[in-house]
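Dropping structure_39.txt in here (compact mmCIF, C-alpha atoms):
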# COMPACT_ATOMS: atom_id res chain seq x y z
CA GLN A 1 0.00 0.00 0.00
CA ALA A 2 1.24 3.46 -0.89
CA ARG A 3 2.08 5.59 2.11
CA ALA A 4 0.27 8.90 2.34
CA ARG A 5 2.58 11.85 2.07
CA LEU A 6 2.46 14.48 4.77
CA ALA A 7 2.30 18.05 3.52
CA ALA A 8 5.33 20.08 4.53
CA PRO A 9 4.55 22.90 6.91
CA SER A 10 4.32 26.33 5.30
CA LEU A 11 7.07 28.79 6.10
CA HIS A 12 4.73 31.78 5.55
CA PRO A 13 2.16 32.84 8.22
CA PRO A 14 -1.48 33.01 7.16
CA GLU A 15 -2.78 36.38 6.04
CA LEU A 16 -4.92 38.23 8.62
CA ASP A 17 -7.82 40.52 7.90
CA PRO A 18 -6.55 44.14 8.42
CA ALA A 19 -9.92 45.22 9.85
CA ALA A 20 -9.84 42.42 12.41
CA MET A 21 -6.29 43.34 13.38
CA ALA A 22 -7.28 46.99 13.90
CA THR A 23 -10.24 45.99 16.07
CA ALA A 24 -8.02 43.74 18.18
CA ARG A 25 -5.48 46.52 18.66
CA LEU A 26 -8.22 48.92 19.83
CA ALA A 27 -9.57 46.36 22.26
CA ILE A 28 -6.14 45.73 23.73
CA ALA A 29 -5.47 49.48 24.00
CA GLY A 30 -8.79 50.01 25.77
CA LEU A 31 -8.06 47.28 28.29
CA GLY A 32 -4.63 48.73 28.89
CA LEU A 33 -6.10 52.19 29.48
CA LEU A 34 -8.57 50.86 32.02
CA ALA A 35 -5.83 48.98 33.80
CA CYS A 36 -3.65 52.07 33.94
CA LEU A 37 -6.49 54.14 35.36
CA GLY A 38 -7.30 51.50 37.92
CA GLN A 39 -10.99 51.71 36.96
CA ALA A 40 -11.54 48.20 35.62
CA GLU A 41 -12.88 47.22 39.03
CA LYS A 42 -13.90 50.50 40.62
CA GLN A 43 -14.83 49.90 44.22
CA PRO A 44 -16.66 52.16 46.68
CA LYS A 45 -14.43 54.15 49.02
CA PRO A 46 -15.28 55.22 52.56
CA VAL A 47 -16.33 58.83 53.03
CA GLU A 48 -13.83 60.47 55.36
CA LYS A 49 -15.26 64.00 55.55
CA VAL A 50 -18.74 65.48 55.08
CA VAL A 51 -19.36 69.21 54.58
CA THR A 52 -22.48 71.21 53.71
CA CYS A 53 -22.77 74.20 51.41
CA GLY A 54 -23.35 77.36 53.42
CA THR A 55 -22.58 75.93 56.86
CA THR A 56 -19.52 73.71 57.31
CA ALA A 57 -18.03 73.98 53.81
CA THR A 58 -15.36 76.57 53.05
CA SER A 59 -15.67 78.91 50.07
CA GLU A 60 -13.18 76.71 48.24
CA GLU A 61 -15.33 73.64 48.88
CA CYS A 62 -18.58 75.36 47.90
CA THR A 63 -19.35 78.71 46.26
CA VAL A 64 -22.90 79.30 45.04
CA THR A 65 -23.82 81.72 42.25
CA GLU A 66 -27.15 82.49 40.60
CA PRO A 67 -27.46 84.17 37.19
CA LEU A 68 -28.75 87.64 38.07
CA GLU A 69 -30.24 88.24 34.61
CA GLU A 70 -32.86 85.56 35.26
CA PHE A 71 -34.38 87.52 38.15
CA PRO A 72 -35.00 91.11 36.99
CA GLY A 73 -38.05 91.50 39.23
CA ARG A 74 -35.97 90.71 42.31
CA LEU A 75 -33.05 93.02 41.64
CA LEU A 76 -32.69 96.22 43.62
CA SER A 77 -30.21 97.54 41.04
CA GLU A 78 -27.30 96.32 38.97
CA ASN A 79 -25.17 96.96 42.08
CA ALA A 80 -27.18 94.64 44.32
CA GLU A 81 -24.75 92.38 46.13
CA GLU A 82 -27.11 89.49 46.77
CA LEU A 83 -30.42 88.29 45.41
CA PRO A 84 -33.29 88.17 47.91
CA LEU A 85 -34.18 84.59 47.02
CA CYS A 86 -36.03 83.93 50.29
CA PRO A 87 -39.42 85.49 51.09
CA MET A 88 -39.26 88.82 52.90
CA ASP A 89 -40.16 87.23 56.24
CA GLN A 90 -37.28 84.75 55.95
CA TYR A 91 -33.51 84.94 55.65
CA ARG A 92 -30.96 82.94 53.72
CA LYS A 93 -28.89 80.71 56.00
CA ASP A 94 -25.67 81.85 54.33
CA GLU A 95 -24.65 83.48 51.07
CA ASN A 96 -23.35 80.07 49.95
CA THR A 97 -26.47 78.17 50.97
CA VAL A 98 -28.38 76.76 48.00
CA VAL A 99 -31.89 78.26 47.94
CA LEU A 100 -34.70 76.65 45.94
CA PRO A 101 -37.46 79.24 45.38
CA CYS A 102 -40.89 77.82 44.65
CA ASP A 103 -41.03 79.56 41.26
CA GLY A 104 -37.86 77.80 40.07
CA ILE A 105 -34.21 78.69 39.69
CA THR A 106 -30.98 77.87 37.88
CA LEU A 107 -27.78 78.01 39.90
CA ARG A 108 -24.18 76.85 39.91
CA VAL A 109 -22.05 75.50 42.74
CA ASP A 110 -18.28 75.64 42.23
CA MET A 111 -16.38 73.15 44.35
CA ALA A 112 -13.02 71.58 45.09
CA LEU A 113 -13.06 68.33 47.08
CA SER A 114 -10.36 66.06 48.40
CA GLU A 115 -10.40 62.29 47.97
CA GLY A 116 -13.07 60.75 50.19
CA GLU A 117 -14.83 64.08 50.83
CA GLU A 118 -18.60 64.42 50.44
CA LEU A 119 -20.33 67.76 49.81
CA ILE A 120 -24.02 68.09 50.70
CA VAL A 121 -25.32 70.47 48.05
CA VAL A 122 -29.04 70.80 48.82
CA ASP A 123 -32.08 69.02 50.23
CA VAL A 124 -34.91 68.81 47.71
CA PRO A 125 -38.52 68.79 49.02
CA VAL A 126 -41.44 66.72 47.80
CA GLY A 127 -43.19 68.46 44.89
CA THR A 128 -40.03 69.69 43.14
CA HIS A 129 -40.65 69.59 39.39
CA GLU A 130 -38.18 69.02 36.54
CA LEU A 131 -35.04 68.83 38.65
CA PHE A 132 -31.93 68.73 36.47
CA ILE A 133 -28.40 68.21 37.83
CA ASP A 134 -25.27 68.61 35.71
CA LEU A 135 -22.01 67.57 37.40
CA ASN A 136 -18.66 68.51 35.82
CA GLY A 137 -15.13 67.86 37.12
CA ASP A 138 -11.49 67.56 36.17
CA SER A 139 -11.25 64.18 37.92
CA ASP A 140 -13.53 61.54 39.40
CA PHE A 141 -16.55 63.19 41.03
CA ASP A 142 -19.55 60.98 41.84
CA THR A 143 -23.17 62.13 41.86
CA HIS A 144 -25.09 60.74 44.83
CA ILE A 145 -28.80 61.36 45.37
CA ILE A 146 -30.25 60.03 48.61
CA ASP A 147 -33.82 59.17 49.53
CA MET A 148 -34.15 60.97 52.86
CA GLU A 149 -36.97 58.66 54.02
CA THR A 150 -34.80 55.55 53.77
CA GLY A 151 -31.30 57.08 53.98
CA GLU A 152 -30.28 55.04 50.93
CA CYS A 153 -28.50 56.35 47.84
CA ILE A 154 -30.80 55.78 44.86
CA ILE A 155 -28.84 57.46 42.04
CA GLY A 156 -25.09 57.29 41.39
CA PHE A 157 -22.10 54.99 41.57
CA ALA A 158 -22.71 52.02 43.90
CA CYS A 159 -26.35 53.09 44.39
CA GLN A 160 -29.64 51.30 43.73
CA PRO A 161 -31.88 51.16 41.75
CA CYS A 162 -30.10 53.59 39.39
CA GLY A 163 -26.39 52.80 39.75
CA GLY A 164 -23.14 53.40 37.92
CA GLY A 165 -24.51 52.01 34.66
CA GLY A 166 -27.14 54.74 34.54
CA CYS A 167 -30.85 54.46 33.82
CA THR A 168 -33.43 55.93 31.47
CA ASP A 169 -37.00 56.78 32.50
CA LEU A 170 -36.78 54.55 35.55
CA ASP A 171 -39.83 54.64 37.81
CA TYR A 172 -38.94 55.10 41.47
CA GLU A 173 -41.77 55.58 43.93
CA GLY A 174 -43.85 57.39 41.33
CA THR A 175 -41.14 59.63 39.89
CA THR A 176 -39.24 59.19 36.63
CA ILE A 177 -35.44 59.17 36.84
CA THR A 178 -32.81 59.41 34.10
CA PHE A 179 -29.09 59.24 34.95
CA SER A 180 -26.22 59.29 32.45
CA GLY A 181 -24.14 56.88 34.55
CA ASP A 182 -20.82 56.98 36.36
CA ASP A 183 -18.07 58.85 34.49
CA PHE A 184 -14.48 58.63 35.69
CA ILE A 185 -12.36 59.83 32.75
CA SER A 186 -11.51 63.54 32.71
CA PRO A 187 -13.37 65.70 31.90
CA VAL A 188 -16.02 64.03 34.04
CA LYS A 189 -19.68 64.78 33.27
CA GLU A 190 -22.73 63.20 34.90
CA THR A 191 -26.32 64.36 34.37
CA THR A 192 -29.48 63.53 36.29
CA ARG A 193 -33.09 64.38 35.53
CA ILE A 194 -35.96 63.83 37.99
CA SER A 195 -39.48 64.54 36.73
CA GLU A 196 -41.06 65.19 40.13
CA ALA A 197 -39.78 64.45 43.61
CA THR A 198 -42.29 62.20 45.39
CA ARG A 199 -39.85 61.67 48.28
CA PRO A 200 -37.54 64.17 50.01
CA LEU A 201 -34.12 63.92 48.36
CA ARG A 202 -30.59 65.03 49.18
CA VAL A 203 -28.12 65.96 46.42
CA THR A 204 -24.47 65.27 47.28
CA VAL A 205 -21.17 65.02 45.43
CA ILE A 206 -18.36 62.68 46.48
CA GLY A 207 -14.73 63.14 45.51
CA TYR A 208 -13.73 59.61 44.51
CA SER A 209 -10.40 61.28 43.84
CA ALA A 210 -9.31 64.85 44.53
CA ALA A 211 -11.17 66.98 42.00
CA SER A 212 -12.49 70.43 41.23
CA GLY A 213 -15.36 71.54 39.04
CA TYR A 214 -18.99 72.55 39.42
CA ILE A 215 -22.52 71.25 39.65
CA ALA A 216 -25.36 73.11 37.94
CA VAL A 217 -28.85 72.71 39.44
CA SER A 218 -32.12 73.83 37.90
CA LEU A 219 -35.78 73.22 38.64
CA ALA A 220 -39.06 74.41 37.18
CA GLY A 221 -40.73 74.96 40.53
CA ILE A 222 -42.04 73.44 43.77
CA ASP A 223 -45.73 72.64 44.26
CA PRO A 224 -46.98 72.65 46.92
CA CYS A 225 -44.68 75.40 48.09
CA PRO A 226 -43.30 74.65 51.56
CA GLU A 227 -43.89 77.17 54.33
CA ILE A 228 -40.14 77.67 54.70
CA THR A 229 -38.25 77.91 51.41
CA PRO A 230 -35.43 75.34 51.14
CA GLY A 231 -32.21 77.09 52.15
CA CYS A 232 -34.05 79.73 54.21
CA LYS A 233 -35.15 80.20 57.82
CA ALA A 234 -38.01 82.10 59.42
CA CYS A 235 -36.98 85.64 60.37
CA SER A 236 -38.41 85.12 63.85
CA SER A 237 -35.94 82.25 64.41
CA TYR A 238 -32.86 84.46 63.94
CA PRO A 239 -30.79 83.85 67.11
CA ASN A 240 -28.42 86.83 67.22
CA CYS A 241 -30.72 89.66 68.32
CA THR A 242 -31.12 90.64 71.96
CA ALA A 243 -34.38 90.25 73.89
CA SER A 244 -35.20 93.93 73.29
CA GLU A 245 -34.58 93.74 69.54
CA GLU A 246 -36.54 92.37 66.63
CA PRO A 247 -34.87 90.73 63.61
CA VAL A 248 -35.52 92.52 60.31
CA CYS A 249 -35.16 90.37 57.19
CA ASP A 250 -35.18 91.13 53.47
CA GLY A 251 -34.87 87.66 51.93
CA THR A 252 -31.06 87.73 51.83
CA SER A 253 -28.50 86.43 54.33
CA VAL A 254 -28.29 89.92 55.92
CA VAL A 255 -30.44 90.25 59.07
CA LEU A 256 -30.62 93.45 61.09
CA CYS A 257 -31.66 93.79 64.72
CA ALA A 258 -33.99 96.74 65.29
CA GLY A 259 -35.02 98.23 68.63
CA ALA A 260 -38.63 97.76 69.69
CA GLU A 261 -39.29 101.50 69.34
CA GLU A 262 -38.23 101.57 65.69
CA SER A 263 -41.18 101.34 63.34
CA MET A 264 -39.07 101.39 60.18
CA PRO A 265 -36.27 98.99 59.18
CA ALA A 266 -32.92 100.09 60.57
CA SER A 267 -31.35 99.84 57.13
CA GLU A 268 -32.12 101.87 54.02
CA THR A 269 -31.19 98.81 51.97
CA VAL A 270 -33.75 96.68 53.82
CA ALA A 271 -36.42 99.35 53.36
CA LEU A 272 -35.70 99.70 49.64
CA ARG A 273 -35.73 95.97 49.13
CA ALA A 274 -39.05 95.74 50.95
CA GLY A 275 -40.40 98.38 48.57
CA ALA A 276 -38.97 96.49 45.62
CA ALA A 277 -40.76 93.33 46.69
CA ALA A 278 -44.05 95.21 47.04
CA ALA A 279 -43.60 96.87 43.65
CA ALA A 280 -42.81 93.59 41.94
CA ASP A 281 -46.50 92.66 42.03
CA GLU A 282 -47.23 95.79 39.98
CA GLY A 283 -44.48 95.05 37.45
CA LEU A 284 -42.32 97.92 38.74
CA ARG A 285 -38.60 98.00 39.43
CA LEU A 286 -37.13 100.21 42.14
CA PHE A 287 -33.76 101.90 41.95
CA ASP A 288 -31.45 102.78 44.80
CA GLY A 289 -29.27 105.87 45.21
CA VAL A 290 -26.77 104.82 42.54
CA SER A 291 -29.34 104.73 39.75
CA ASP A 292 -29.32 107.38 37.07
CA ALA A 293 -31.75 110.23 36.53
CA ALA A 294 -33.53 108.34 33.76
CA GLY A 295 -34.30 105.55 36.18
CA ALA A 296 -35.73 108.04 38.67
CA GLU A 297 -37.90 109.58 35.95
CA ARG A 298 -39.20 106.14 34.94
CA LEU A 299 -40.06 105.47 38.56
CA ALA A 300 -41.86 108.83 38.87
CA ASP A 301 -43.83 108.16 35.65
CA ALA A 302 -44.90 104.77 37.00

Exercise: express the given structure as structure tokens:
Amino acid sequence: QARARLAAPSLHPPELDPAAMATARLAIAGLGLLACLGQAEKQPKPVEKVVTCGTTATSEECTVTEPLEEFPGRLLSENAEELPLCPMDQYRKDENTVVLPCDGITLRVDMALSEGEELIVVDVPVGTHELFIDLNGDSDFDTHIIDMETGECIIGFACQPCGGGGCTDLDYEGTTITFSGDDFISPVKETTRISEATRPLRVTVIGYSAASGYIAVSLAGIDPCPEITPGCKACSSYPNCTASEEPVCDGTSVVLCAGAEESMPASETVALRAGAAAAADEGLRLFDGVSDAAGAERLADA
């Protein structure tokens, strides 16, 4: 019987598909990048420090700004130092406290956090409509939104039911949640949209690594409007006046203590702002002493 001949091995490697080779290279590069960043298996880290905007946070950790052009009816003049975002019978806890007026607002919180530091931005009441949160950082910030009734984080990295993978139109206790998901590659960007808060919520940011950036917060309004505006306190609760004095508020963080015999506010600024608030219902705008003659004439004509 004839013996079968074995084919000699080829000295030339088989040809590979260039497209397949390119895909393989990209996959390997992506795995290498994740390994270098140490994010392939991102694990929760313990929070080592907690601060709150307007109380325990420094100005570096939290600085709040509101776009003045969105509130022309509330401005005393272009030189007004602070918006009276609280009602006239309340005061803002601090100039860097986030205030959520019932008729809506857009604001920005600039922040710089160390690794393991958590910043409490604001507590959101039931009835808040169209809440939108836009987190931006130069390193790994994490959005965390907590259900205040349970104390559990419901949105963000290592949270449930809307975790690091994000969610779209997820129903949670009657509200619709959309979250872009955990982002850890600079520039970091995470967005959250909540249709209507059916539970009291707390918005926080955690520095998974040391990072700086900002969080933008906007809402369409709050209905029903709470008796005390979030971020404000009742004027009567102001603790720094003596027994013979009455606190005088104007909706800002500035509170004056007036003697019982004084029938008018002890500050011209407070008086003017009170007049501005009253005139707002009539569509008027008041001007202080720095306004020009044309402004005074417009006021006289009104």

Give me the residues within 6 Å of Thr178 of chain A as a ChimeraX atom specification, counting all atoms listed in the file and dropping any in the same chain fewer than 5 places off. /A:167-169,192-193

Set out as JSON lines a contact list for segment 80-117 of chain A and segment 133-136 of chain A with a cut-off of 12 Å, giving each residue of segment 80-117 of chain A that qualifies its closest atom pair and distance in Å to one decimal, counting all atoms listed in the file, ordered by chain and rising residue number.
{"residue": "A:Thr106", "atom": "CA", "partner": "A:Ile133", "partner_atom": "CA", "distance": 10.0}
{"residue": "A:Leu107", "atom": "CA", "partner": "A:Ile133", "partner_atom": "CA", "distance": 10.0}
{"residue": "A:Arg108", "atom": "CA", "partner": "A:Asp134", "partner_atom": "CA", "distance": 9.3}
{"residue": "A:Val109", "atom": "CA", "partner": "A:Leu135", "partner_atom": "CA", "distance": 9.6}
{"residue": "A:Asp110", "atom": "CA", "partner": "A:Asn136", "partner_atom": "CA", "distance": 9.6}
{"residue": "A:Met111", "atom": "CA", "partner": "A:Asn136", "partner_atom": "CA", "distance": 10.0}
{"residue": "A:Ala112", "atom": "CA", "partner": "A:Asn136", "partner_atom": "CA", "distance": 11.3}

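Take atom CA of Thr150 of chain A and atom CA of Pro46 of chain A: the distance between them is 19.6 Å.
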
Scan for residues within 12 Å of the point (-47.3, 76.3, 47.1) in the coordinates of the file, using all atoms listed in the file, and reply as a VMD selection string. chain A and resid 101 to 104 125 to 128 221 to 229

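Within the 6 Å cut-off around Ala211 of chain A, using all atoms listed in the file and omitting residues fewer than 5 positions from it on the same chain, the listed residues are Ala112, Leu113, Asp138 and Ser139 of chain A.
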
Output the selection as a PDB file, keeping the file's coordinate frame - C-alpha atoms for each residue.
ATOM      1  CA  ALA A 112     -13.020  71.580  45.090  1.00  0.00           C
ATOM      2  CA  LEU A 113     -13.060  68.330  47.080  1.00  0.00           C
ATOM      3  CA  ASP A 138     -11.490  67.560  36.170  1.00  0.00           C
ATOM      4  CA  SER A 139     -11.250  64.180  37.920  1.00  0.00           C
TER       5      SER A 139
END

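Between atom CA of Ser218 of chain A and atom CA of Ile154 of chain A the interatomic distance comes to 19.4 Å.
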
Using all atoms listed in the file, which of the listed residues (A:Gly231, A:Pro67, A:Pro84, A:Gly174) sits closest to Gly251 of chain A? A:Pro84

Could you pull segment 154-166 of chain A out of the block above and give me all heavy atoms, as a PDB file, in the first residue's frame?
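Everything below was put into result-v7.pdb:
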ATOM      1  N   ILE A 154     -30.005  56.379  45.924  1.00  0.00           N
ATOM      2  CA  ILE A 154     -30.803  55.776  44.864  1.00  0.00           C
ATOM      3  C   ILE A 154     -30.271  56.081  43.472  1.00  0.00           C
ATOM      4  O   ILE A 154     -30.651  55.417  42.508  1.00  0.00           O
ATOM      5  CB  ILE A 154     -32.271  56.225  44.963  1.00  0.00           C
ATOM      6  CG1 ILE A 154     -32.389  57.740  44.800  1.00  0.00           C
ATOM      7  CG2 ILE A 154     -32.887  55.769  46.278  1.00  0.00           C
ATOM      8  CD1 ILE A 154     -33.823  58.239  44.672  1.00  0.00           C
ATOM      9  N   ILE A 155     -29.393  57.092  43.346  1.00  0.00           N
ATOM     10  CA  ILE A 155     -28.837  57.461  42.040  1.00  0.00           C
ATOM     11  C   ILE A 155     -27.354  57.721  42.205  1.00  0.00           C
ATOM     12  O   ILE A 155     -26.944  58.495  43.069  1.00  0.00           O
ATOM     13  CB  ILE A 155     -29.518  58.722  41.469  1.00  0.00           C
ATOM     14  CG1 ILE A 155     -31.034  58.527  41.341  1.00  0.00           C
ATOM     15  CG2 ILE A 155     -28.919  59.102  40.118  1.00  0.00           C
ATOM     16  CD1 ILE A 155     -31.777  59.792  40.945  1.00  0.00           C
ATOM     17  N   GLY A 156     -26.532  57.066  41.361  1.00  0.00           N
ATOM     18  CA  GLY A 156     -25.095  57.295  41.385  1.00  0.00           C
ATOM     19  C   GLY A 156     -24.302  56.008  41.493  1.00  0.00           C
ATOM     20  O   GLY A 156     -24.863  54.902  41.592  1.00  0.00           O
ATOM     21  N   PHE A 157     -22.993  56.155  41.468  1.00  0.00           N
ATOM     22  CA  PHE A 157     -22.099  54.994  41.574  1.00  0.00           C
ATOM     23  C   PHE A 157     -22.350  54.241  42.868  1.00  0.00           C
ATOM     24  O   PHE A 157     -22.437  54.832  43.942  1.00  0.00           O
ATOM     25  CB  PHE A 157     -20.643  55.460  41.498  1.00  0.00           C
ATOM     26  CG  PHE A 157     -19.652  54.374  41.817  1.00  0.00           C
ATOM     27  CD1 PHE A 157     -19.475  53.309  40.968  1.00  0.00           C
ATOM     28  CD2 PHE A 157     -18.911  54.427  42.997  1.00  0.00           C
ATOM     29  CE1 PHE A 157     -18.569  52.305  41.273  1.00  0.00           C
ATOM     30  CE2 PHE A 157     -18.009  53.432  43.309  1.00  0.00           C
ATOM     31  CZ  PHE A 157     -17.836  52.367  42.437  1.00  0.00           C
ATOM     32  N   ALA A 158     -22.485  52.920  42.754  1.00  0.00           N
ATOM     33  CA  ALA A 158     -22.713  52.021  43.895  1.00  0.00           C
ATOM     34  C   ALA A 158     -24.054  52.272  44.578  1.00  0.00           C
ATOM     35  O   ALA A 158     -24.214  51.991  45.761  1.00  0.00           O
ATOM     36  CB  ALA A 158     -21.574  52.113  44.900  1.00  0.00           C
ATOM     37  N   CYS A 159     -25.020  52.836  43.848  1.00  0.00           N
ATOM     38  CA  CYS A 159     -26.355  53.087  44.385  1.00  0.00           C
ATOM     39  C   CYS A 159     -27.366  52.177  43.694  1.00  0.00           C
ATOM     40  O   CYS A 159     -27.103  51.600  42.652  1.00  0.00           O
ATOM     41  CB  CYS A 159     -26.739  54.556  44.190  1.00  0.00           C
ATOM     42  SG  CYS A 159     -25.602  55.734  44.970  1.00  0.00           S
ATOM     43  N   GLN A 160     -28.539  52.085  44.288  1.00  0.00           N
ATOM     44  CA  GLN A 160     -29.637  51.301  43.731  1.00  0.00           C
ATOM     45  C   GLN A 160     -30.950  52.068  43.917  1.00  0.00           C
ATOM     46  O   GLN A 160     -31.129  52.728  44.941  1.00  0.00           O
ATOM     47  CB  GLN A 160     -29.744  49.940  44.449  1.00  0.00           C
ATOM     48  CG  GLN A 160     -28.608  48.982  44.155  1.00  0.00           C
ATOM     49  CD  GLN A 160     -28.615  48.493  42.712  1.00  0.00           C
ATOM     50  OE1 GLN A 160     -29.659  48.529  42.040  1.00  0.00           O
ATOM     51  NE2 GLN A 160     -27.467  48.054  42.230  1.00  0.00           N
ATOM     52  N   PRO A 161     -31.842  52.028  42.925  1.00  0.00           N
ATOM     53  CA  PRO A 161     -31.877  51.160  41.752  1.00  0.00           C
ATOM     54  C   PRO A 161     -31.176  51.722  40.521  1.00  0.00           C
ATOM     55  O   PRO A 161     -31.059  51.033  39.521  1.00  0.00           O
ATOM     56  CB  PRO A 161     -33.373  51.040  41.482  1.00  0.00           C
ATOM     57  CG  PRO A 161     -33.917  52.372  41.905  1.00  0.00           C
ATOM     58  CD  PRO A 161     -33.107  52.770  43.107  1.00  0.00           C
ATOM     59  N   CYS A 162     -30.733  52.980  40.556  1.00  0.00           N
ATOM     60  CA  CYS A 162     -30.097  53.590  39.387  1.00  0.00           C
ATOM     61  C   CYS A 162     -28.622  53.797  39.703  1.00  0.00           C
ATOM     62  O   CYS A 162     -28.245  54.809  40.290  1.00  0.00           O
ATOM     63  CB  CYS A 162     -30.782  54.910  39.035  1.00  0.00           C
ATOM     64  SG  CYS A 162     -30.182  55.645  37.505  1.00  0.00           S
ATOM     65  N   GLY A 163     -27.785  52.812  39.346  1.00  0.00           N
ATOM     66  CA  GLY A 163     -26.388  52.805  39.754  1.00  0.00           C
ATOM     67  C   GLY A 163     -25.438  53.356  38.719  1.00  0.00           C
ATOM     68  O   GLY A 163     -25.814  54.186  37.876  1.00  0.00           O
ATOM     69  N   GLY A 164     -24.190  52.860  38.774  1.00  0.00           N
ATOM     70  CA  GLY A 164     -23.145  53.395  37.915  1.00  0.00           C
ATOM     71  C   GLY A 164     -23.393  53.217  36.442  1.00  0.00           C
ATOM     72  O   GLY A 164     -22.850  53.958  35.616  1.00  0.00           O
ATOM     73  N   GLY A 165     -24.210  52.223  36.071  1.00  0.00           N
ATOM     74  CA  GLY A 165     -24.514  52.015  34.660  1.00  0.00           C
ATOM     75  C   GLY A 165     -25.535  52.978  34.105  1.00  0.00           C
ATOM     76  O   GLY A 165     -25.770  53.016  32.905  1.00  0.00           O
ATOM     77  N   GLY A 166     -26.147  53.773  34.988  1.00  0.00           N
ATOM     78  CA  GLY A 166     -27.140  54.740  34.542  1.00  0.00           C
ATOM     79  C   GLY A 166     -28.515  54.111  34.384  1.00  0.00           C
ATOM     80  O   GLY A 166     -28.696  52.903  34.547  1.00  0.00           O
TER      81      GLY A 166
END
